[in-house]
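The next block is model-v5.cif, given as mmCIF, C-alpha atoms and all ligand atoms.
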data_data
loop_
_atom_site.label_atom_id
_atom_site.label_comp_id
_atom_site.auth_asym_id
_atom_site.auth_seq_id
_atom_site.Cartn_x
_atom_site.Cartn_y
_atom_site.Cartn_z
CA MET I 1 14.63 -17.43 6.33
CA PRO I 2 17.89 -16.27 4.70
CA VAL I 3 17.79 -15.60 0.96
CA SER I 4 20.67 -16.35 -1.41
CA ASP I 5 21.99 -13.75 -3.86
CA HIS I 6 21.01 -16.12 -6.66
CA GLN I 7 17.40 -16.33 -5.45
CA MET I 8 17.09 -12.54 -4.93
CA ILE I 9 18.62 -11.79 -8.34
CA SER I 10 16.27 -14.31 -9.98
CA ALA I 11 13.30 -12.66 -8.27
CA TRP I 12 14.39 -9.23 -9.56
CA ASP I 13 14.96 -10.74 -13.03
CA GLU I 14 11.30 -11.82 -13.12
CA VAL I 15 9.96 -8.51 -11.79
CA LEU I 16 12.06 -6.50 -14.28
CA ARG I 17 10.93 -8.83 -17.09
CA LEU I 18 7.28 -8.31 -16.16
CA SER I 19 8.02 -4.57 -15.94
CA GLN I 20 9.23 -4.64 -19.59
CA VAL I 21 12.75 -3.45 -18.71
CA LYS I 22 14.74 -3.66 -21.97
CA ALA I 23 18.44 -3.41 -22.88
CA GLY I 24 19.57 0.21 -23.15
CA GLN I 25 16.83 1.56 -20.89
CA THR I 26 17.73 3.63 -17.83
CA VAL I 27 17.07 2.10 -14.41
CA SER I 28 17.59 4.37 -11.39
CA ILE I 29 17.71 2.76 -7.97
CA LEU I 30 16.65 5.06 -5.14
CA CYS I 31 18.01 3.99 -1.76
CA GLY I 32 18.75 5.18 1.75
CA PRO I 33 20.60 3.95 4.85
CA HIS I 34 17.67 1.61 5.67
CA THR I 35 17.73 -0.10 2.28
CA HIS I 36 18.41 -3.82 2.64
CA PRO I 37 21.89 -4.50 1.14
CA LEU I 38 20.83 -7.76 -0.53
CA THR I 39 17.80 -6.13 -2.15
CA LEU I 40 20.02 -3.28 -3.42
CA ARG I 41 22.80 -5.58 -4.64
CA ALA I 42 20.42 -7.95 -6.39
CA ALA I 43 18.42 -5.13 -8.02
CA THR I 44 21.65 -3.63 -9.36
CA VAL I 45 22.93 -6.93 -10.79
CA SER I 46 19.54 -7.82 -12.24
CA ALA I 47 19.14 -4.44 -13.97
CA GLN I 48 22.61 -4.87 -15.48
CA ARG I 49 21.75 -8.42 -16.60
CA ALA I 50 18.74 -6.89 -18.40
CA GLY I 51 21.19 -4.66 -20.28
CA ALA I 52 19.93 -1.48 -18.61
CA ILE I 53 21.97 1.61 -17.80
CA VAL I 54 21.96 1.63 -13.99
CA THR I 55 22.20 4.60 -11.65
CA LYS I 56 22.11 4.38 -7.86
CA ILE I 57 20.87 7.45 -5.97
CA GLU I 58 21.33 7.35 -2.20
CA LEU I 59 19.62 10.13 -0.24
CA PRO I 60 20.15 11.07 3.42
CA PRO I 61 17.07 10.30 5.57
CA ILE I 62 14.75 12.95 7.03
CA ASN I 63 11.73 13.12 9.43
CA ALA I 64 13.44 11.26 12.31
CA GLU I 65 12.50 14.09 14.65
CA LYS I 66 8.88 14.15 13.41
CA ALA I 67 7.89 10.48 13.40
CA THR I 68 7.14 8.53 16.58
CA SER I 69 8.59 5.29 15.18
CA ARG I 70 11.00 4.04 12.53
CA ASP I 71 8.25 2.67 10.30
CA LEU I 72 8.64 4.09 6.81
CA LEU I 73 4.92 4.85 6.62
CA ASN I 74 4.76 6.66 9.96
CA TYR I 75 5.31 10.12 8.47
CA LEU I 76 4.24 10.69 4.88
CA GLY I 77 4.46 13.45 2.30
CA GLU I 78 7.90 14.96 2.83
CA THR I 79 10.65 12.63 1.68
CA PRO I 80 14.44 12.87 1.22
CA LEU I 81 13.59 13.75 -2.39
CA THR I 82 11.63 16.88 -1.42
CA GLY I 83 13.40 19.91 -2.98
CA ASN I 84 16.22 17.77 -4.42
CA LYS I 85 16.26 19.07 -8.02
CA ALA I 86 19.31 17.04 -9.04
CA ALA I 87 17.84 13.69 -7.96
CA ILE I 88 14.36 14.53 -9.31
CA ALA I 89 15.87 15.42 -12.70
CA ALA I 90 17.70 12.08 -12.80
CA LEU I 91 14.57 10.13 -11.85
CA LYS I 92 12.40 11.97 -14.37
CA ASN I 93 14.95 10.98 -17.04
CA SER I 94 14.76 7.31 -16.12
CA ASP I 95 12.57 4.65 -17.69
CA ILE I 96 11.97 3.04 -14.30
CA VAL I 97 12.85 3.89 -10.70
CA LEU I 98 13.31 1.05 -8.26
CA ASP I 99 12.25 2.81 -5.05
CA LEU I 100 14.08 1.03 -2.21
CA MET I 101 13.63 4.11 0.01
CA LEU I 102 9.83 4.84 -0.03
CA LEU I 103 8.32 7.87 -1.72
CA LEU I 104 4.68 6.91 -1.16
CA PHE I 105 2.13 9.76 -0.99
CA SER I 106 4.74 12.36 -1.97
CA PRO I 107 4.23 15.16 -4.51
CA GLU I 108 7.60 14.21 -5.99
CA GLN I 109 6.32 10.71 -6.75
CA MET I 110 3.39 12.16 -8.70
CA ASP I 111 5.72 14.59 -10.50
CA ILE I 112 8.09 11.81 -11.59
CA LEU I 113 5.24 9.54 -12.74
CA GLU I 114 3.75 12.35 -14.83
CA SER I 115 7.01 12.45 -16.81
CA GLY I 116 6.29 8.85 -17.90
CA THR I 117 8.82 7.28 -15.56
CA LYS I 118 7.64 4.04 -13.90
CA ILE I 119 8.17 3.63 -10.13
CA LEU I 120 8.31 0.25 -8.39
CA LEU I 121 8.41 0.39 -4.59
CA ALA I 122 10.16 -2.53 -2.85
CA VAL I 123 11.16 -2.11 0.81
CA GLU I 124 10.00 -5.38 2.38
CA PRO I 125 12.71 -7.86 3.54
CA PRO I 126 14.20 -10.22 0.92
CA GLU I 127 12.36 -13.33 2.14
CA VAL I 128 9.01 -11.51 1.80
CA LEU I 129 9.95 -10.34 -1.70
CA VAL I 130 10.95 -13.79 -2.93
CA ARG I 131 7.73 -15.31 -1.50
CA THR I 132 5.60 -12.74 -3.32
CA VAL I 133 7.20 -12.48 -6.76
CA PRO I 134 4.26 -11.35 -8.90
CA THR I 135 2.71 -13.17 -11.83
CA GLU I 136 0.79 -12.11 -14.91
CA ALA I 137 -2.15 -14.07 -13.43
CA ASP I 138 -2.07 -11.76 -10.37
CA ARG I 139 -2.30 -8.78 -12.72
CA GLN I 140 -5.20 -10.26 -14.73
CA ARG I 141 -7.17 -11.05 -11.57
CA VAL I 142 -6.73 -7.60 -9.98
CA LEU I 143 -7.52 -5.88 -13.29
CA ALA I 144 -10.68 -8.00 -13.67
CA ALA I 145 -11.82 -6.84 -10.23
CA SER I 146 -10.99 -3.24 -11.09
CA GLN I 147 -13.36 -3.29 -14.09
CA LEU I 148 -16.22 -3.50 -11.60
CA LEU I 149 -14.80 -1.04 -9.06
CA LYS I 150 -13.93 1.71 -11.50
CA ARG I 151 -17.56 1.91 -12.76
CA ALA I 152 -19.13 1.82 -9.30
CA LYS I 153 -20.88 4.60 -7.41
CA THR I 154 -21.15 3.01 -3.95
CA MET I 155 -19.29 0.57 -1.74
CA HIS I 156 -21.18 -0.90 1.23
CA VAL I 157 -19.27 -2.91 3.84
CA THR I 158 -20.75 -4.98 6.67
CA SER I 159 -19.34 -7.49 9.16
CA PRO I 160 -20.56 -9.75 12.02
CA ALA I 161 -18.52 -7.50 14.37
CA GLY I 162 -20.88 -4.60 13.59
CA THR I 163 -19.36 -2.76 10.63
CA ASP I 164 -22.01 -1.10 8.47
CA VAL I 165 -20.53 1.70 6.40
CA THR I 166 -21.37 3.15 3.01
CA PHE I 167 -18.94 5.00 0.75
CA LYS I 168 -19.88 7.11 -2.21
CA ILE I 169 -17.19 6.49 -4.86
CA GLY I 170 -16.42 7.42 -8.44
CA ASP I 171 -14.77 10.83 -8.04
CA PHE I 172 -11.30 9.27 -7.78
CA PRO I 173 -9.57 6.63 -9.92
CA THR I 174 -9.24 2.98 -8.98
CA VAL I 175 -5.67 1.92 -8.11
CA CYS I 176 -4.53 -1.62 -8.90
CA GLU I 177 -1.45 -3.01 -7.15
CA TYR I 178 0.03 -6.22 -8.57
CA ALA I 179 3.75 -5.59 -7.98
CA PHE I 180 5.14 -4.68 -11.38
CA CYS I 181 5.04 -1.72 -13.81
CA GLU I 182 4.40 -2.78 -17.39
CA GLU I 183 3.34 0.67 -18.64
CA PRO I 184 5.04 4.08 -18.64
CA GLY I 185 3.91 6.32 -15.80
CA ARG I 186 2.74 3.39 -13.65
CA TRP I 187 3.47 3.08 -9.94
CA ASP I 188 3.31 -0.24 -8.15
CA HIS I 189 4.49 -1.91 -4.98
CA TRP I 190 6.18 -5.30 -4.63
CA PRO I 191 4.69 -7.13 -2.70
CA SER I 192 1.03 -6.41 -3.26
CA GLY I 193 -2.03 -7.85 -4.94
CA PHE I 194 -4.97 -5.63 -4.02
CA LEU I 195 -7.01 -2.77 -5.38
CA PHE I 196 -8.68 0.30 -3.99
CA THR I 197 -10.29 3.58 -4.76
CA PHE I 198 -10.77 6.65 -2.59
CA ALA I 199 -14.09 7.65 -1.09
CA ASN I 200 -15.62 10.79 -2.58
CA GLU I 201 -14.93 13.80 -0.36
CA GLY I 202 -17.55 13.85 2.39
CA GLY I 203 -19.10 10.64 1.08
CA SER I 204 -18.45 8.13 3.89
CA ASP I 205 -21.09 7.38 6.51
CA GLY I 206 -21.70 4.65 9.05
CA THR I 207 -19.89 2.53 11.62
CA ILE I 208 -16.60 0.67 11.22
CA VAL I 209 -15.78 -1.90 13.88
CA ILE I 210 -12.14 -2.97 14.04
CA ASP I 211 -12.61 -6.43 15.50
CA LYS I 212 -10.26 -8.54 17.64
CA GLY I 213 -7.44 -9.71 15.33
CA ASP I 214 -7.90 -6.95 12.77
CA ILE I 215 -4.63 -5.15 12.03
CA LEU I 216 -3.66 -1.53 12.66
CA LEU I 217 -0.88 -0.10 10.47
CA PRO I 218 1.65 1.47 10.92
CA GLN I 219 1.23 0.25 14.51
CA LYS I 220 1.53 -3.32 13.20
CA THR I 221 -0.63 -4.65 16.02
CA TYR I 222 -3.57 -7.04 16.04
CA ALA I 223 -6.43 -5.36 17.89
CA SER I 224 -6.92 -7.12 21.22
CA ASP I 225 -10.45 -5.76 21.54
CA LYS I 226 -13.05 -4.01 19.39
CA ILE I 227 -12.50 -0.41 18.30
CA THR I 228 -15.67 1.32 17.06
CA LEU I 229 -15.34 4.22 14.64
CA LYS I 230 -18.30 6.46 13.89
CA VAL I 231 -17.92 7.91 10.41
CA SER I 232 -19.98 10.77 9.01
CA GLU I 233 -19.54 12.99 5.97
CA GLY I 234 -16.15 11.48 5.19
CA PHE I 235 -14.50 11.81 8.59
CA VAL I 236 -14.03 9.60 11.65
CA ARG I 237 -15.94 11.44 14.37
CA SER I 238 -15.23 9.11 17.32
CA ILE I 239 -12.87 6.27 18.23
CA GLU I 240 -14.26 4.15 21.08
CA GLY I 241 -12.97 0.98 22.75
CA GLY I 242 -10.26 -0.12 25.15
CA ILE I 243 -6.50 0.38 25.18
CA ASP I 244 -6.19 -0.12 21.40
CA ALA I 245 -8.67 2.72 20.82
CA ASP I 246 -6.74 4.94 23.23
CA LEU I 247 -3.47 4.18 21.45
CA MET I 248 -5.02 4.82 18.03
CA ARG I 249 -6.59 8.07 19.22
CA GLU I 250 -3.34 9.36 20.78
CA PHE I 251 -1.29 8.32 17.71
CA MET I 252 -3.59 10.39 15.50
CA GLU I 253 -3.82 13.34 17.91
CA ALA I 254 0.00 13.60 17.87
CA TYR I 255 -0.16 14.89 14.28
CA LYS I 256 -2.40 17.82 15.33
CA ASP I 257 -4.04 17.60 11.89
CA PRO I 258 -7.85 17.33 11.44
CA GLU I 259 -7.25 15.80 8.01
CA ALA I 260 -5.82 12.71 9.69
CA TYR I 261 -9.43 11.62 10.41
CA ALA I 262 -10.54 11.76 6.77
CA MET I 263 -11.36 8.57 4.89
CA SER I 264 -8.61 7.66 2.45
CA HIS I 265 -8.37 4.56 0.23
CA ILE I 266 -10.84 1.65 0.48
CA GLY I 267 -10.55 -1.72 -1.21
CA TRP I 268 -9.86 -5.41 -0.79
CA GLY I 269 -6.98 -7.91 -0.80
CA MET I 270 -6.46 -10.46 -3.56
CA GLN I 271 -3.01 -11.94 -2.93
CA PRO I 272 -3.14 -15.67 -1.98
CA ARG I 273 0.63 -15.67 -1.28
CA CYS I 274 0.16 -13.08 1.48
CA HIS I 275 -1.33 -13.98 4.85
CA TRP I 276 -3.15 -12.39 7.79
CA HIS I 277 -0.97 -14.30 10.28
CA THR I 278 2.46 -13.35 8.85
CA LEU I 279 2.80 -10.17 10.90
CA SER I 280 2.47 -12.25 14.08
CA LEU I 281 5.75 -13.98 13.17
CA TYR I 282 7.77 -10.77 12.75
CA ASP I 283 9.31 -8.21 15.02
CA ARG I 284 7.33 -5.11 14.14
CA GLU I 285 10.31 -3.16 12.86
CA GLN I 286 11.37 -5.90 10.41
CA THR I 287 8.53 -5.26 7.96
CA ILE I 288 6.03 -2.65 6.77
CA ALA I 289 3.47 -5.49 6.81
CA MET I 290 2.48 -5.75 3.16
CA ASP I 291 1.09 -9.23 3.91
CA ALA I 292 -1.52 -7.47 6.05
CA ARG I 293 -2.47 -5.05 3.25
CA SER I 294 -2.58 -7.75 0.57
CA PHE I 295 -4.00 -10.96 2.08
CA GLU I 296 -6.85 -12.43 0.11
CA GLY I 297 -10.29 -11.32 1.25
CA ASN I 298 -9.41 -8.46 3.56
CA PHE I 299 -11.38 -5.24 3.43
CA MET I 300 -8.79 -2.51 3.91
CA PHE I 301 -9.78 1.04 4.71
CA SER I 302 -7.34 3.82 5.41
CA LEU I 303 -7.34 7.28 6.91
CA GLY I 304 -5.63 10.53 5.99
CA PRO I 305 -4.15 11.62 2.65
CA ASN I 306 -5.72 11.37 -0.79
CA ASN I 307 -3.16 13.35 -2.80
CA GLU I 308 -1.96 10.04 -4.32
CA VAL I 309 -4.82 10.32 -6.81
CA GLY I 310 -5.15 14.07 -7.10
CA GLY I 311 -7.04 14.79 -3.88
CA GLN I 312 -6.24 17.88 -1.80
CA ARG I 313 -5.35 16.14 1.48
CA LYS I 314 -1.65 15.72 2.22
CA THR I 315 -1.66 14.90 5.91
CA ALA I 316 1.43 13.07 7.18
CA CYS I 317 -0.78 10.75 9.26
CA HIS I 318 -1.83 7.63 7.40
CA LEU I 319 -3.37 4.48 8.84
CA ASP I 320 -4.06 1.34 6.82
CA ILE I 321 -6.50 -0.97 8.60
CA PRO I 322 -7.25 -4.35 6.99
CA LEU I 323 -10.33 -6.09 8.43
CA ARG I 324 -11.23 -9.80 8.29
CA ASN I 325 -14.65 -11.42 7.77
CA CYS I 326 -16.23 -8.46 6.00
CA THR I 327 -18.80 -8.52 3.20
CA VAL I 328 -18.09 -5.90 0.54
CA ARG I 329 -20.73 -4.82 -1.96
CA VAL I 330 -19.80 -2.67 -4.96
CA ASP I 331 -23.06 -1.20 -6.25
CA ASP I 332 -25.27 -4.34 -6.23
CA THR I 333 -22.46 -6.89 -6.59
CA VAL I 334 -20.94 -8.73 -3.62
CA VAL I 335 -17.18 -8.94 -4.31
CA VAL I 336 -16.11 -10.26 -0.89
CA ARG I 337 -18.42 -12.34 1.32
CA ASP I 338 -17.39 -13.06 4.94
CA GLY I 339 -13.75 -12.44 4.05
CA LYS I 340 -13.72 -14.56 0.89
CA VAL I 341 -13.16 -13.01 -2.55
CA LEU I 342 -15.92 -13.99 -5.00
CA ASP I 343 -14.09 -14.26 -8.33
CA GLU I 344 -17.36 -15.04 -10.09
CA ALA I 345 -18.27 -11.39 -9.46
CA PHE I 346 -15.54 -10.33 -11.89
CA GLN I 347 -16.29 -12.64 -14.83
O1 LIG I 401 1.11 -0.44 -1.29
C1 LIG I 401 0.62 0.37 -0.51
C2 LIG I 401 1.18 0.59 0.72
C3 LIG I 401 0.64 1.47 1.56
C4 LIG I 401 -0.49 2.16 1.15
O2 LIG I 401 -1.01 3.05 1.96
C5 LIG I 401 -1.03 1.95 -0.05
N1 LIG I 401 -0.49 1.06 -0.90
FE FE I 402 -2.62 3.31 2.65
#
Kindly return the structure encoded in the file as structure tokens.
Amino acid sequence: MPVSDHQMISAWDEVLRLSQVKAGQTVSILCGPHTHPLTLRAATVSAQRAGAIVTKIELPPINAEKATSRDLLNYLGETPLTGNKAAIAALKNSDIVLDLMLLLFSPEQMDILESGTKILLAVEPPEVLVRTVPTEADRQRVLAASQLLKRAKTMHVTSPAGTDVTFKIGDFPTVCEYAFCEEPGRWDHWPSGFLFTFANEGGSDGTIVIDKGDILLPQKTYASDKITLKVSEGFVRSIEGGIDADLMREFMEAYKDPEAYAMSHIGWGMQPRCHWHTLSLYDREQTIAMDARSFEGNFMFSLGPNNEVGGQRKTACHLDIPLRNCTVRVDDTVVVRDGKVLDEAFQ
């Protein structure tokens, strides 16, 4: 549905308030030709209303010739910021960057965060943003879940469809996403409301079954039939099934990069204002499908890079695959049972 300027500005006001943006601070807004004009306009007005010093940095796009679609997450790692010393200097000297372009999984993002600058990613359409304005309660709930995950050594996931996979964890940090940045050096993504860690290198073994209705990203399709992945020593060794498996296999082969088959982040969704069915109501190119990554009770695994948390893998191929109806055990505690988050596990 259309969103009014007033509603979008009010949404940004709340997100900037939660992100502790104060008068006199520097807010840099990173944008590109794909940035939604209402999102950009409202972010600019809202930052000024907060009394911030606002800079807009628009960068020309890249990677068109490398990606096989227009999805922003279809080719990761190199961004329009790569090698741009002038823009990087400006962003490092900002208190917060509103990333309306998408830097995810880029070395530049890590570099800017290390300077203490906050980065908030927001590239979903305005109506998705206003539906998923974050709350302090979202933050408390995801942080409570992270207390368990960050101490854990194993994650074991099963499902009626046949998933039975075990991940050794603990070598990488736990990442909480709750859609605002209240501390220096923090990255977050609006919309979100989920948490994850990365499997230890070589520490993933078992079978993952992508069941009918589970979602493949960045394809933004609901699997029409089962896809069975055999995982051993941290890598997907086979992808079996029907046409969806063939499409997934060919998509990954196109990158000609063995690291594309490595296990990346693993975690679960905790956002009640995001839904499994939302993607079915959108043209695929209208959204990067954050509802699919965030909906309450999903188990989301991903393949490819782990440089986001200091790992060595920078492959441009990244799939996020949220599954329904899974049971997720972290050490001996069940945190999600049959696709339902068990909050009592985090008390
Ligand atoms: O918010 C996000 C979005 C994509 C991703 O791969 C991780 N987190
Ligand atoms: Fe991902």
Closest atom pairs, residues of chain I within 10 Å of ligand LIG 401 (chain I), all atoms listed in the file, as JSON lines:
{"residue": "I:Leu72", "atom": "CA", "partner": "I:LIG401", "partner_atom": "C3", "distance": 9.9}
{"residue": "I:Leu73", "atom": "CA", "partner": "I:LIG401", "partner_atom": "C3", "distance": 7.4}
{"residue": "I:Leu76", "atom": "CA", "partner": "I:LIG401", "partner_atom": "O2", "distance": 9.7}
{"residue": "I:Leu102", "atom": "CA", "partner": "I:LIG401", "partner_atom": "C2", "distance": 9.7}
{"residue": "I:Leu104", "atom": "CA", "partner": "I:LIG401", "partner_atom": "C3", "distance": 7.3}
{"residue": "I:Phe105", "atom": "CA", "partner": "I:LIG401", "partner_atom": "O2", "distance": 8.0}
{"residue": "I:Leu121", "atom": "CA", "partner": "I:LIG401", "partner_atom": "O1", "distance": 8.1}
{"residue": "I:Ala122", "atom": "CA", "partner": "I:LIG401", "partner_atom": "O1", "distance": 9.4}
{"residue": "I:Val175", "atom": "CA", "partner": "I:LIG401", "partner_atom": "N1", "distance": 8.9}
{"residue": "I:Cys176", "atom": "CA", "partner": "I:LIG401", "partner_atom": "N1", "distance": 9.4}
{"residue": "I:Glu177", "atom": "CA", "partner": "I:LIG401", "partner_atom": "O1", "distance": 6.9}
{"residue": "I:Tyr178", "atom": "CA", "partner": "I:LIG401", "partner_atom": "O1", "distance": 9.4}
{"residue": "I:Ala179", "atom": "CA", "partner": "I:LIG401", "partner_atom": "O1", "distance": 8.8}
{"residue": "I:Trp187", "atom": "CA", "partner": "I:LIG401", "partner_atom": "O1", "distance": 9.6}
{"residue": "I:Asp188", "atom": "CA", "partner": "I:LIG401", "partner_atom": "O1", "distance": 7.2}
{"residue": "I:His189", "atom": "CA", "partner": "I:LIG401", "partner_atom": "O1", "distance": 5.2}
{"residue": "I:Trp190", "atom": "CA", "partner": "I:LIG401", "partner_atom": "O1", "distance": 7.8}
{"residue": "I:Pro191", "atom": "CA", "partner": "I:LIG401", "partner_atom": "O1", "distance": 7.7}
{"residue": "I:Ser192", "atom": "CA", "partner": "I:LIG401", "partner_atom": "O1", "distance": 6.3}
{"residue": "I:Gly193", "atom": "CA", "partner": "I:LIG401", "partner_atom": "O1", "distance": 8.8}
{"residue": "I:Phe194", "atom": "CA", "partner": "I:LIG401", "partner_atom": "O1", "distance": 8.4}
{"residue": "I:Leu195", "atom": "CA", "partner": "I:LIG401", "partner_atom": "N1", "distance": 8.8}
{"residue": "I:Phe196", "atom": "CA", "partner": "I:LIG401", "partner_atom": "C5", "distance": 8.8}
{"residue": "I:Leu217", "atom": "CA", "partner": "I:LIG401", "partner_atom": "O2", "distance": 9.1}
{"residue": "I:Pro218", "atom": "CA", "partner": "I:LIG401", "partner_atom": "C3", "distance": 9.4}
{"residue": "I:Ser264", "atom": "CA", "partner": "I:LIG401", "partner_atom": "O2", "distance": 8.9}
{"residue": "I:His265", "atom": "CA", "partner": "I:LIG401", "partner_atom": "O2", "distance": 7.7}
{"residue": "I:Ile266", "atom": "CA", "partner": "I:LIG401", "partner_atom": "C5", "distance": 9.8}
{"residue": "I:Ile288", "atom": "CA", "partner": "I:LIG401", "partner_atom": "C2", "distance": 8.4}
{"residue": "I:Ala289", "atom": "CA", "partner": "I:LIG401", "partner_atom": "C2", "distance": 8.9}
{"residue": "I:Met290", "atom": "CA", "partner": "I:LIG401", "partner_atom": "C2", "distance": 6.9}
{"residue": "I:Arg293", "atom": "CA", "partner": "I:LIG401", "partner_atom": "C2", "distance": 7.2}
{"residue": "I:Ser294", "atom": "CA", "partner": "I:LIG401", "partner_atom": "O1", "distance": 8.4}
{"residue": "I:Met300", "atom": "CA", "partner": "I:LIG401", "partner_atom": "O2", "distance": 9.8}
{"residue": "I:Phe301", "atom": "CA", "partner": "I:LIG401", "partner_atom": "O2", "distance": 9.4}
{"residue": "I:Ser302", "atom": "CA", "partner": "I:LIG401", "partner_atom": "O2", "distance": 7.3}
{"residue": "I:Leu303", "atom": "CA", "partner": "I:LIG401", "partner_atom": "O2", "distance": 9.1}
{"residue": "I:Gly304", "atom": "CA", "partner": "I:LIG401", "partner_atom": "O2", "distance": 9.7}
{"residue": "I:Pro305", "atom": "CA", "partner": "I:LIG401", "partner_atom": "O2", "distance": 9.2}
{"residue": "I:Asn306", "atom": "CA", "partner": "I:LIG401", "partner_atom": "O2", "distance": 9.9}
{"residue": "I:Glu308", "atom": "CA", "partner": "I:LIG401", "partner_atom": "C5", "distance": 9.2}
{"residue": "I:His318", "atom": "CA", "partner": "I:LIG401", "partner_atom": "O2", "distance": 7.2}
{"residue": "I:Leu319", "atom": "CA", "partner": "I:LIG401", "partner_atom": "O2", "distance": 7.4}
{"residue": "I:Asp320", "atom": "CA", "partner": "I:LIG401", "partner_atom": "O2", "distance": 6.0}
{"residue": "I:Ile321", "atom": "CA", "partner": "I:LIG401", "partner_atom": "O2", "distance": 9.5}
Margin query: Need to verify the contact set: segment 132-142 of chain I, 10 Å, all atoms listed in the file, exclusion of same-chain residues closer than 2 positions in sequence. Can you return it as an MDAnalysis selection string?
Written below: chainID I and resid 10:12 14:15 18 126:130 144:147 175:180 190:195 268:274 291 343 346:347
Next item on the list: Choose the residue, out of I:His36, I:Lys56, I:His156, I:Arg41, that has the smallest atom-to-atom separation from Ala90 of chain I; count only C-alpha atoms.
Entry: I:Lys56
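Minimum distance to ligand FE 402 (chain I) across I:Cys31, I:Leu216, I:Val157, I:Ala89 (counting only C-alpha atoms and all ligand atoms) occurs at I:Leu216.
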Next item on the list: Determine, counting only C-alpha atoms, which protein, DNA and RNA residues have an atom within 12 Å of an atom of Asp283 of chain I; residues of the same chain fewer than 4 positions away are not included. Present the result as a ChimeraX atom specification.
Entry: /I:71,125,219-221,278-279,287-289
C-alpha atoms of the current selection, written as a compact mmCIF listing (two decimals), in the coordinates of the input:
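As written to disk, out_35.txt reads:
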# COMPACT_ATOMS: atom_id res chain seq x y z
CA ASP I 71 8.25 2.67 10.30
CA PRO I 125 12.71 -7.86 3.54
CA GLN I 219 1.23 0.25 14.51
CA LYS I 220 1.53 -3.32 13.20
CA THR I 221 -0.63 -4.65 16.02
CA THR I 278 2.46 -13.35 8.85
CA LEU I 279 2.80 -10.17 10.90
CA THR I 287 8.53 -5.26 7.96
CA ILE I 288 6.03 -2.65 6.77
CA ALA I 289 3.47 -5.49 6.81
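Nearest residue to ligand FE 402 (chain I) among I:Asp171, I:Asn74, I:Val328, I:Ser280 is I:Asn74, counting all atoms listed in the file.
The space separating atom CA of Arg131 of chain I from atom CA of Ser19 of chain I comes to 18.0 Å.
Compared by their closest atoms to ligand FE 402 (chain I), and using only C-alpha atoms and all ligand atoms, the residues I:Cys317, I:Leu91, I:Val54, I:Val335 rank with I:Cys317 nearest.
Atom pair atom CA of Lys212 of chain I / atom CA of Asp244 of chain I has a distance of 10.1 Å (rounded to one decimal).
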